$ cat protein28.csv   # CSV, C-alpha atoms
chain,number,residue,atom,x,y,z
A,1,MET,CA,0.0,0.0,0.0
A,2,ASN,CA,0.9,3.6,-0.4
A,3,ILE,CA,0.8,5.0,3.1
A,4,LEU,CA,0.8,8.7,4.1
A,5,PHE,CA,2.0,9.4,7.7
A,6,LEU,CA,1.3,12.8,9.1
A,7,SER,CA,3.3,14.0,12.1
A,8,ILE,CA,3.5,17.2,14.1
A,9,GLY,CA,6.8,15.9,15.6
A,10,ARG,CA,10.1,16.5,14.0
A,11,LEU,CA,11.3,13.3,12.5
A,12,ASN,CA,15.0,13.3,11.7
A,13,SER,CA,15.4,9.8,10.5
A,14,ILE,CA,13.3,6.7,10.1
A,15,GLU,CA,16.1,4.8,11.9
A,16,ASP,CA,15.7,6.7,15.1
A,17,LYS,CA,14.1,5.0,18.1
A,18,GLY,CA,10.6,6.2,19.0
A,19,LEU,CA,6.9,5.4,19.0
A,20,TYR,CA,6.3,6.6,15.5
A,21,THR,CA,9.6,5.8,13.8
A,22,ASP,CA,9.5,2.2,15.1
A,23,LEU,CA,6.0,1.8,13.7
A,24,ILE,CA,6.9,3.4,10.4
A,25,ARG,CA,9.8,1.0,10.0
A,26,GLU,CA,7.5,-1.9,10.6
A,27,PHE,CA,5.3,-0.8,7.7
A,28,ARG,CA,8.4,-0.3,5.5
A,29,ASP,CA,9.8,-3.7,6.4
A,30,ASN,CA,6.5,-5.3,5.4
A,31,GLY,CA,6.8,-3.9,1.9
A,32,HIS,CA,4.7,-0.8,2.0
A,33,ASN,CA,5.5,2.5,0.4
A,34,LEU,CA,5.9,5.1,3.2
A,35,TYR,CA,5.4,8.9,2.7
A,36,ILE,CA,6.0,10.9,5.8
A,37,VAL,CA,5.0,14.6,6.2
A,38,SER,CA,6.6,16.4,9.1
A,39,PRO,CA,7.3,20.0,10.1
A,40,ARG,CA,10.6,21.9,9.9
A,41,GLU,CA,10.6,25.0,12.0
A,42,LYS,CA,11.9,28.2,10.4
A,43,ARG,CA,14.5,28.7,13.1
A,44,LEU,CA,16.4,25.8,11.5
A,45,LYS,CA,16.9,28.0,8.5
A,46,LYS,CA,16.2,25.1,6.0
A,47,PRO,CA,13.6,25.1,3.2
A,48,THR,CA,10.8,22.5,2.5
A,49,GLU,CA,12.4,19.4,1.1
A,50,TYR,CA,11.2,16.1,-0.4
A,51,VAL,CA,13.7,13.3,-0.2
A,52,ASN,CA,14.0,9.5,-0.1
A,53,GLU,CA,15.7,8.3,3.1
A,54,ASN,CA,16.2,4.6,4.1
A,55,GLY,CA,13.3,3.4,2.0
A,56,ALA,CA,10.8,6.1,2.9
A,57,GLN,CA,9.8,9.4,1.3
A,58,PHE,CA,10.2,12.4,3.6
A,59,LEU,CA,8.4,15.7,3.0
A,60,ARG,CA,9.7,18.1,5.5
A,61,VAL,CA,7.5,21.2,5.4
A,62,ARG,CA,8.9,24.6,6.5
A,63,ILE,CA,6.6,26.1,9.1
A,64,GLY,CA,6.7,28.8,11.7
A,65,ASN,CA,8.3,28.1,15.1
A,66,ILE,CA,6.2,26.0,17.5
A,67,THR,CA,8.9,25.2,20.1
A,68,LYS,CA,11.3,27.5,22.0
A,69,THR,CA,9.2,30.5,21.2
A,70,ASN,CA,6.5,32.8,22.6
A,71,VAL,CA,2.8,31.8,23.0
A,72,ILE,CA,1.7,34.1,20.2
A,73,GLU,CA,4.1,32.7,17.6
A,74,LYS,CA,3.4,29.2,18.7
A,75,GLY,CA,-0.3,29.7,18.4
A,76,ILE,CA,-0.1,31.3,14.9
A,77,SER,CA,2.3,28.6,13.7
A,78,THR,CA,0.2,25.8,15.0
A,79,ILE,CA,-2.9,27.2,13.2
A,80,MET,CA,-0.9,27.5,10.0
A,81,ILE,CA,0.4,24.0,9.9
A,82,GLU,CA,-2.7,22.5,8.3
A,83,SER,CA,-2.7,24.8,5.3
A,84,LEU,CA,1.1,24.5,4.8
A,85,PHE,CA,1.0,20.7,4.9
A,86,LEU,CA,-1.9,20.7,2.4
A,87,LYS,CA,-0.1,23.1,0.1
A,88,ALA,CA,3.1,20.9,0.2
A,89,ILE,CA,1.2,17.7,-0.4
A,90,LYS,CA,-0.6,19.2,-3.4
A,91,LYS,CA,2.8,20.3,-4.8
A,92,TYR,CA,5.0,17.3,-4.1
A,93,MET,CA,2.6,14.4,-3.9
A,94,LYS,CA,0.0,15.2,-6.6
A,95,ASP,CA,0.7,12.0,-8.6
A,96,ILE,CA,0.6,9.6,-5.7
A,97,LYS,CA,-2.6,7.7,-4.9
A,98,PHE,CA,-2.7,6.9,-1.2
A,99,ASP,CA,-4.4,3.8,0.2
A,100,LEU,CA,-4.1,4.8,3.9
A,101,VAL,CA,-3.5,7.9,5.9
A,102,ILE,CA,-2.2,7.5,9.5
A,103,TYR,CA,-2.0,10.4,11.9
A,104,SER,CA,-2.0,11.0,15.6
A,105,THR,CA,-3.2,13.4,18.2
A,106,PRO,CA,-1.9,15.9,19.2
A,107,PRO,CA,-2.8,18.0,17.2
A,108,ILE,CA,-6.5,17.8,16.3
A,109,THR,CA,-6.0,20.3,13.4
A,110,PHE,CA,-5.2,18.0,10.4
A,111,GLY,CA,-8.8,17.9,9.3
A,112,LYS,CA,-8.4,19.7,5.9
A,113,VAL,CA,-5.4,17.6,5.0
A,114,ILE,CA,-7.1,14.3,5.9
A,115,SER,CA,-10.3,15.3,4.1
A,116,TYR,CA,-8.5,16.3,0.9
A,117,VAL,CA,-6.5,13.1,0.6
A,118,LYS,CA,-9.5,10.9,1.6
A,119,LYS,CA,-11.6,12.5,-1.1
A,120,ARG,CA,-8.9,12.7,-3.8
A,121,ASP,CA,-7.7,9.1,-3.4
A,122,ASN,CA,-10.6,7.3,-1.7
A,123,ALA,CA,-8.1,6.5,1.0
A,124,LYS,CA,-8.8,4.9,4.4
A,125,THR,CA,-7.9,6.9,7.5
A,126,TYR,CA,-6.5,5.7,10.8
A,127,LEU,CA,-6.2,8.0,13.9
A,128,LEU,CA,-3.7,7.0,16.6
A,129,LEU,CA,-5.3,8.7,19.6
A,130,LYS,CA,-2.5,9.6,22.0
A,131,ASP,CA,-4.1,12.7,23.5
A,132,ILE,CA,-7.7,13.6,24.3
A,133,PHE,CA,-7.8,17.4,23.8
A,134,PRO,CA,-9.4,19.8,24.7
A,135,GLN,CA,-10.8,17.8,27.8
A,136,ASN,CA,-7.3,17.3,29.2
A,137,ALA,CA,-6.8,21.1,29.2
A,138,VAL,CA,-10.1,21.6,31.0
A,139,ASP,CA,-9.1,19.0,33.6
A,140,LEU,CA,-6.0,21.1,34.4
A,141,ASN,CA,-8.0,24.4,34.5
A,142,MET,CA,-6.3,25.8,31.4
A,143,PHE,CA,-9.7,26.9,30.1
A,144,SER,CA,-13.3,26.1,30.9
A,145,GLU,CA,-15.9,24.1,29.1
A,146,ASN,CA,-17.9,27.3,28.6
A,147,SER,CA,-15.1,29.1,26.8
A,148,LEU,CA,-15.0,29.8,23.1
A,149,LEU,CA,-11.6,28.2,22.9
A,150,TYR,CA,-13.0,24.9,24.3
A,151,LYS,CA,-16.0,25.0,21.9
A,152,TYR,CA,-13.7,25.6,18.9
A,153,PHE,CA,-11.3,22.8,19.8
A,154,ARG,CA,-14.2,20.4,20.7
A,155,PHE,CA,-15.7,21.1,17.2
A,156,LYS,CA,-12.3,20.3,15.6
A,157,GLU,CA,-12.0,17.1,17.8
A,158,LYS,CA,-15.4,15.8,16.7
A,159,LYS,CA,-14.7,16.6,13.1
A,160,LEU,CA,-11.4,14.6,13.3
A,161,TYR,CA,-13.2,11.6,14.8
A,162,ALA,CA,-15.9,11.8,12.0
A,163,GLN,CA,-13.1,11.8,9.3
A,164,SER,CA,-11.4,8.8,10.8
A,165,ASP,CA,-12.4,5.4,9.5
A,166,PHE,CA,-10.7,3.8,12.4
A,167,ILE,CA,-9.6,5.2,15.8
A,168,GLY,CA,-6.8,3.3,17.6
A,169,CYS,CA,-6.8,4.1,21.4
A,170,MET,CA,-3.9,3.5,23.9
A,171,SER,CA,-6.0,1.3,26.2
A,172,GLN,CA,-9.5,0.0,26.9
A,173,ALA,CA,-10.3,3.0,29.2
A,174,ASN,CA,-9.6,5.3,26.3
A,175,VAL,CA,-11.9,3.3,24.0
A,176,ASN,CA,-14.7,3.6,26.7
A,177,PHE,CA,-14.1,7.3,27.2
A,178,VAL,CA,-14.3,8.1,23.4
A,179,LEU,CA,-17.5,6.2,23.0
A,180,GLU,CA,-19.2,7.5,26.1
A,181,ASN,CA,-18.4,11.1,25.2
A,182,ASN,CA,-18.9,10.9,21.5
A,183,THR,CA,-22.1,9.0,20.9
A,184,GLU,CA,-22.0,9.7,17.2
A,185,VAL,CA,-18.8,7.6,16.7
A,186,PRO,CA,-19.7,4.0,15.6
A,187,PRO,CA,-18.3,1.6,18.3
A,188,SER,CA,-17.1,-0.7,15.5
A,189,THR,CA,-14.5,1.9,14.4
A,190,VAL,CA,-12.8,2.3,17.8
A,191,GLU,CA,-10.3,-0.2,19.1
A,192,VAL,CA,-7.2,-0.6,21.3
A,193,CYS,CA,-4.0,0.0,19.3
A,194,PRO,CA,-1.5,0.6,22.1
A,195,ASN,CA,1.7,2.6,22.4
A,196,SER,CA,4.3,0.3,21.0
A,197,ILE,CA,8.0,0.0,20.3
A,198,GLU,CA,10.5,-2.3,18.7
A,199,PRO,CA,12.2,-3.5,21.9
A,200,LEU,CA,15.9,-3.3,22.2
A,201,THR,CA,17.8,-5.9,24.2
A,202,ILE,CA,19.1,-4.1,27.3
A,203,GLU,CA,22.1,-5.8,28.9
A,204,LYS,CA,22.8,-4.6,32.4
A,205,ASP,CA,26.6,-4.3,32.5
A,206,GLU,CA,27.4,-4.1,36.3
A,207,ASN,CA,30.7,-2.3,35.5
A,208,ARG,CA,28.9,0.4,33.5
A,209,VAL,CA,26.2,0.7,36.1
A,210,ARG,CA,28.9,1.3,38.8
A,211,LYS,CA,30.7,3.8,36.6
A,212,ILE,CA,27.6,5.9,35.8
A,213,ARG,CA,26.3,5.9,39.3
A,214,LYS,CA,29.7,7.0,40.6
A,215,LYS,CA,29.9,9.8,37.9
A,216,TYR,CA,26.6,11.3,39.1
A,217,ASN,CA,27.0,10.5,42.8
A,218,ILE,CA,24.2,8.0,42.9
A,219,PRO,CA,24.6,5.4,45.7
A,220,SER,CA,25.1,1.8,44.8
A,221,ASP,CA,23.6,0.4,48.1
A,222,LYS,CA,20.1,1.9,47.8
A,223,THR,CA,17.1,1.1,45.6
A,224,VAL,CA,17.2,3.8,42.9
A,225,PHE,CA,13.8,5.1,41.6
A,226,ILE,CA,13.9,7.1,38.4
A,227,TYR,CA,11.5,9.5,36.8
A,228,GLY,CA,12.5,10.6,33.3
A,229,GLY,CA,10.5,12.8,31.0
A,230,ASN,CA,8.2,15.8,31.0
A,231,LEU,CA,7.9,17.8,34.2
A,232,GLY,CA,4.8,19.8,33.4
A,233,LYS,CA,1.3,20.3,34.8
A,234,PRO,CA,0.0,16.8,33.6
A,235,GLN,CA,2.5,15.2,35.9
A,236,GLY,CA,1.1,16.6,39.1
A,237,ILE,CA,4.5,17.9,40.4
A,238,ASP,CA,3.0,19.0,43.8
A,239,PHE,CA,2.3,15.4,44.6
A,240,LEU,CA,5.8,14.4,43.5
A,241,ILE,CA,7.2,17.0,45.9
A,242,ASP,CA,5.0,15.7,48.7
A,243,CYS,CA,6.4,12.2,48.1
A,244,LEU,CA,10.0,13.4,48.1
A,245,LYS,CA,9.4,15.4,51.3
A,246,THR,CA,7.7,12.5,53.1
A,247,ASN,CA,10.6,10.1,52.2
A,248,LYS,CA,13.6,12.4,52.7
A,249,GLU,CA,14.6,10.4,55.8
A,250,ASN,CA,14.2,7.1,54.1
A,251,ASP,CA,17.7,5.7,53.9
A,252,GLN,CA,16.7,2.7,51.7
A,253,VAL,CA,15.8,4.7,48.7
A,254,TYR,CA,17.3,7.2,46.2
A,255,PHE,CA,15.3,9.3,43.7
A,256,VAL,CA,16.6,10.4,40.3
A,257,ILE,CA,14.4,13.0,38.6
A,258,ALA,CA,15.5,13.9,35.1
A,259,GLY,CA,13.6,16.1,32.6
A,260,ALA,CA,12.3,19.4,31.5
A,261,GLY,CA,9.0,21.2,31.4
A,262,THR,CA,6.9,24.1,32.8
A,263,GLU,CA,7.2,22.9,36.4
A,264,PHE,CA,10.9,22.2,36.4
A,265,ASN,CA,11.6,25.5,38.3
A,266,LYS,CA,9.1,24.6,41.0
A,267,LEU,CA,11.0,21.4,41.5
A,268,LYS,CA,14.3,23.1,41.5
A,269,THR,CA,13.2,25.6,44.1
A,270,PHE,CA,12.0,22.7,46.3
A,271,PHE,CA,15.4,20.9,45.9
A,272,ASP,CA,17.3,24.1,46.6
A,273,SER,CA,15.4,24.9,49.8
A,274,GLU,CA,14.9,21.4,51.3
A,275,LYS,CA,18.5,20.2,50.7
A,276,ILE,CA,17.3,16.6,50.2
A,277,THR,CA,20.1,14.1,50.4
A,278,ASN,CA,18.4,11.0,48.9
A,279,ALA,CA,17.4,12.6,45.6
A,280,GLN,CA,18.8,14.5,42.6
A,281,LEU,CA,17.2,16.6,40.0
A,282,PHE,CA,18.8,16.7,36.5
A,283,ALA,CA,17.8,19.2,33.8
A,284,GLN,CA,19.8,18.0,30.9
A,285,LEU,CA,22.1,15.0,30.7
A,286,PRO,CA,24.1,13.8,27.6
A,287,LYS,CA,21.8,11.4,25.7
A,288,ASP,CA,24.2,8.4,26.1
A,289,ASP,CA,24.6,9.1,29.8
A,290,TYR,CA,20.9,9.3,30.3
A,291,GLU,CA,20.3,6.0,28.5
A,292,ILE,CA,22.9,4.2,30.6
A,293,LEU,CA,21.6,5.9,33.8
A,294,ALA,CA,18.0,5.2,33.1
A,295,ASN,CA,18.7,1.5,32.3
A,296,SER,CA,20.8,1.1,35.5
A,297,CYS,CA,18.1,2.3,37.9
A,298,ASP,CA,15.9,-0.2,39.8
A,299,VAL,CA,12.3,1.1,39.5
A,300,GLY,CA,10.6,3.4,37.0
A,301,LEU,CA,8.2,6.1,38.3
A,302,ILE,CA,5.1,7.4,36.5
A,303,PHE,CA,3.1,10.4,37.8
A,304,LEU,CA,-0.2,11.9,36.6
A,305,ASP,CA,-2.2,14.8,38.1
A,306,ASN,CA,-5.2,13.3,40.0
A,307,ARG,CA,-7.6,15.9,38.5
A,308,PHE,CA,-7.6,14.1,35.1
A,309,THR,CA,-11.0,12.7,33.9
A,310,ILE,CA,-9.4,11.5,30.7
A,311,PRO,CA,-7.5,8.2,30.8
A,312,ASN,CA,-3.9,9.1,29.9
A,313,PHE,CA,-1.5,6.3,29.2
A,314,PRO,CA,2.1,7.6,29.3
A,315,SER,CA,4.5,6.1,26.7
A,316,ARG,CA,7.2,6.5,29.4
A,317,LEU,CA,6.0,3.1,30.6
A,318,LEU,CA,7.6,1.3,27.6
A,319,SER,CA,11.1,2.4,28.2
A,320,TYR,CA,10.9,1.1,31.8
A,321,MET,CA,9.5,-2.2,30.5
A,322,GLN,CA,12.2,-2.4,27.8
A,323,ALA,CA,14.9,-2.2,30.6
A,324,SER,CA,13.1,-5.0,32.6
A,325,MET,CA,12.2,-2.6,35.4
A,326,PRO,CA,9.2,-2.7,37.7
A,327,VAL,CA,7.0,0.4,37.7
A,328,LEU,CA,5.6,2.5,40.5
A,329,ALA,CA,2.7,4.6,39.2
A,330,SER,CA,0.8,7.3,40.9
A,331,THR,CA,-2.1,8.6,38.8
A,332,ASP,CA,-5.7,9.7,38.7
A,333,VAL,CA,-8.4,7.0,39.0
A,334,ASN,CA,-9.6,7.3,35.4
A,335,THR,CA,-6.6,5.9,33.6
A,336,ASP,CA,-6.2,2.1,33.5
A,337,ILE,CA,-2.4,2.2,33.5
A,338,GLY,CA,-2.4,1.1,37.2
A,339,LYS,CA,-4.8,-1.8,36.4
A,340,VAL,CA,-2.5,-3.0,33.6
A,341,ILE,CA,0.6,-2.7,35.8
A,342,GLU,CA,-0.9,-4.6,38.7
A,343,GLU,CA,-2.6,-7.3,36.6
A,344,GLY,CA,0.6,-7.8,34.7
A,345,GLN,CA,2.4,-8.1,38.1
A,346,PHE,CA,5.2,-5.7,37.1
A,347,GLY,CA,4.6,-3.0,39.7
A,348,TYR,CA,2.3,-1.1,42.0
A,349,TRP,CA,-0.2,1.7,41.6
A,350,CYS,CA,-1.8,4.4,43.9
A,351,ASP,CA,-4.0,7.4,43.6
A,352,SER,CA,-1.8,10.5,43.1
A,353,SER,CA,-3.2,12.1,46.2
A,354,ASP,CA,-2.3,9.3,48.6
A,355,VAL,CA,1.3,9.9,49.8
A,356,GLU,CA,1.0,7.2,52.4
A,357,GLN,CA,0.2,4.5,49.9
A,358,PHE,CA,3.0,5.7,47.6
A,359,SER,CA,5.4,5.3,50.5
A,360,TYR,CA,4.1,1.9,51.3
A,361,ASN,CA,4.5,0.7,47.7
A,362,LEU,CA,8.0,2.4,47.6
A,363,ASN,CA,9.2,0.4,50.5
A,364,LYS,CA,7.8,-2.9,49.1
A,365,LEU,CA,10.0,-2.4,46.0
A,366,CYS,CA,13.1,-2.2,48.1
A,367,ASN,CA,13.0,-6.0,48.1
A,368,LYS,CA,15.5,-7.1,45.5
A,369,GLU,CA,13.9,-10.6,44.8
A,370,LEU,CA,10.5,-9.0,44.3
A,371,ARG,CA,12.0,-6.4,41.9
A,372,GLU,CA,13.8,-9.0,39.9
A,373,GLN,CA,10.6,-11.0,39.4
A,374,MET,CA,8.5,-7.9,38.6
A,375,GLY,CA,11.3,-6.7,36.2
A,376,ALA,CA,11.1,-10.1,34.3
A,377,ASN,CA,7.3,-9.8,34.2
A,378,SER,CA,7.6,-6.2,32.9
A,379,ARG,CA,9.8,-7.2,29.9
A,380,GLU,CA,7.6,-10.2,29.2
A,381,TYR,CA,4.4,-8.1,29.2
A,382,LEU,CA,6.0,-5.6,26.8
A,383,GLU,CA,7.0,-8.4,24.3
A,384,ASN,CA,3.5,-10.0,24.5
A,385,ASN,CA,1.5,-6.8,24.2
A,386,TYR,CA,3.3,-3.6,23.2
A,387,THR,CA,5.6,-4.3,20.2
A,388,VAL,CA,5.1,-2.5,16.9
A,389,LYS,CA,4.3,-5.9,15.4
A,390,HIS,CA,1.1,-5.9,17.5
A,391,SER,CA,0.2,-2.3,16.4
A,392,TYR,CA,1.0,-3.1,12.7
A,393,GLU,CA,-1.2,-6.3,12.8
A,394,ILE,CA,-4.1,-4.4,14.4
A,395,ILE,CA,-4.1,-1.6,11.7
A,396,MET,CA,-3.6,-4.1,8.9
A,397,SER,CA,-6.4,-6.3,10.1
A,398,HIS,CA,-8.7,-3.8,8.3
A,399,PHE,CA,-7.1,-4.4,4.9
A,400,LYS,CA,-7.3,-8.1,4.5

$ encode --input "protein28.csv" --output "structure tokens"
Amino acid sequence: MNILFLSIGRLNSIEDKGLYTDLIREFRDNGHNLYIVSPREKRLKKPTEYVNENGAQFLRVRIGNITKTNVIEKGISTIMIESLFLKAIKKYMKDIKFDLVIYSTPPITFGKVISYVKKRDNAKTYLLLKDIFPQNAVDLNMFSENSLLYKYFRFKEKKLYAQSDFIGCMSQANVNFVLENNTEVPPSTVEVCPNSIEPLTIEKDENRVRKIRKKYNIPSDKTVFIYGGNLGKPQGIDFLIDCLKTNKENDQVYFVIAGAGTEFNKLKTFFDSEKITNAQLFAQLPKDDYEILANSCDVGLIFLDNRFTIPNFPSRLLSYMQASMPVLASTDVNTDIGKVIEEGQFGYWCDSSDVEQFSYNLNKLCNKELREQMGANSREYLENNYTVKHSYEIIMSHFK
């Protein structure tokens, strides 16, 4: 098939590791023709280009800046993406008849592009639903359900669902949420198509583990819990701070928090004022160092704000599972990530308002034998449920 993949993310190479690049490679390796449209921000000072790289056609469309810029420019650039993508597709891909269009949320603003290709080529369309917007913004009090902004984005969201022949959700709770809140969407079109990767084999080299821990002053005689990723409002940073504060005298554990985001400075202020001795906060680590460090920790942490009514399912989970790590999750009650973790017997869950339960789970995971068994379960669950082969087969089941 000729497959058009639309991405808001900057895709440098199909060979990079990642949710979308791993899936794209799976399609390529199964003999499909891949055409990828992705943005190229103007601050990179490069024009729109259309090139063949590693068996896939890349159309990198020059757009305005949407990262590392002010809110006004980001807003204007985001609104313009749709028309710029459409113009580039009409220019560079006018002679290609697409069989399938795959796209993900965010954003919800690809409507015109999808509609054009669907109508022109009679193509099927598949939405990878990674983000339920604008409800997630309402949950975090970014704007209200009565605002014009909400009504505009909700209209766009409903239109996107209507244009999608199939909607692949990250988990069953996501499927249920979409159907309950969008009664016009036919249930037969909505299914679980989870976050997935092509798992690497992670060998834990004890010598490298000792070296990296020594380099960053991380003790080798404690259970090391790592949180790596976005440090923003969705992560409920106030709860994370409460957990660190409550466990600052716990001499069995050590916390490594590595990431960036809108709430990083709040965390930094806390670290600076509390002088916690069993935790470290890292803003930016060299990529190789971070990979070695993340894979040499003992337990992966997941945090979500307890105000969420939408069932988020962080992809961060997959990197912990890839490294055969148990997972300690603290989230709202609407996501089913905790249910998956506990039923798969590869970690523990608690409500992200319950510091006492977090601390109880934390201490249970200081048992090395338990961690090793849960770590093995974690890797096995990944291989049985969350590989790109699974996602590929789910999508392709509609074309047999």

$ closest_residue --input "protein28.csv" --among "A:Glu198, A:Asp205, A:Glu49, A:Asp251" --to "Leu23 (chain A)" --atoms "all atoms listed in the file"
A:Glu198

$ closest_residue --input "protein28.csv" --among "A:Glu53, A:Asp139, A:Glu380, A:Asp95" --to "Asn312 (chain A)" --atoms "all atoms listed in the file"
A:Asp139

$ residues_around --input "protein28.csv" --residues "Arg371 (chain A)" --least-positions-apart "4" --cutoff "9 Å" --atoms "all atoms listed in the file" --output "list in words"
Asp298, Val299, Met325, Pro326, Phe346, Gly347, Leu365, Cys366, Asn367, Gly375 and Ala376 of chain A

$ closest_residue --input "protein28.csv" --among "A:Met142, A:Asp131, A:Val101, A:Asn278" --to "Asp221 (chain A)" --atoms "only C-alpha atoms"
A:Asn278

$ closest_residue --input "protein28.csv" --among "A:Phe399, A:Tyr92, A:Tyr381, A:Tyr20" --to "Asn195 (chain A)" --atoms "all atoms listed in the file"
A:Tyr20

$ residues_around --input "protein28.csv" --residues "Gly18 (chain A)" --least-positions-apart "4" --cutoff "10 Å" --atoms "all atoms listed in the file" --output "PDB file with C-alpha atoms, in the frame of the given file"
ATOM      1  CA  LEU A  11      11.300  13.300  12.500  1.00  0.00           C
ATOM      2  CA  ILE A  14      13.300   6.700  10.100  1.00  0.00           C
ATOM      3  CA  ASP A  22       9.500   2.200  15.100  1.00  0.00           C
ATOM      4  CA  LEU A  23       6.000   1.800  13.700  1.00  0.00           C
ATOM      5  CA  ILE A  24       6.900   3.400  10.400  1.00  0.00           C
ATOM      6  CA  SER A 196       4.300   0.300  21.000  1.00  0.00           C
ATOM      7  CA  ILE A 197       8.000   0.000  20.300  1.00  0.00           C
ATOM      8  CA  GLU A 198      10.500  -2.300  18.700  1.00  0.00           C
ATOM      9  CA  SER A 315       4.500   6.100  26.700  1.00  0.00           C
ATOM     10  CA  SER A 319      11.100   2.400  28.200  1.00  0.00           C
TER      11      SER A 319
END

$ closest_residue --input "protein28.csv" --among "A:Asn52, A:Asn12, A:Thr269, A:Thr105" --to "Leu128 (chain A)" --atoms "only C-alpha atoms"
A:Thr105

$ atom_distance --input "protein28.csv" --atom1 "CA of Gly64 (chain A)" --atom2 "CA of Glu41 (chain A)"
5.5 Å

$ atom_distance --input "protein28.csv" --atom1 "CA of Tyr227 (chain A)" --atom2 "CA of Arg316 (chain A)"
9.1 Å

$ closest_residue --input "protein28.csv" --among "A:His32, A:Lys159, A:Arg10, A:Lys245" --to "Ser115 (chain A)" --atoms "all atoms listed in the file"
A:Lys159

$ atom_distance --input "protein28.csv" --atom1 "CA of Ser296 (chain A)" --atom2 "CA of Ser171 (chain A)"
28.4 Å
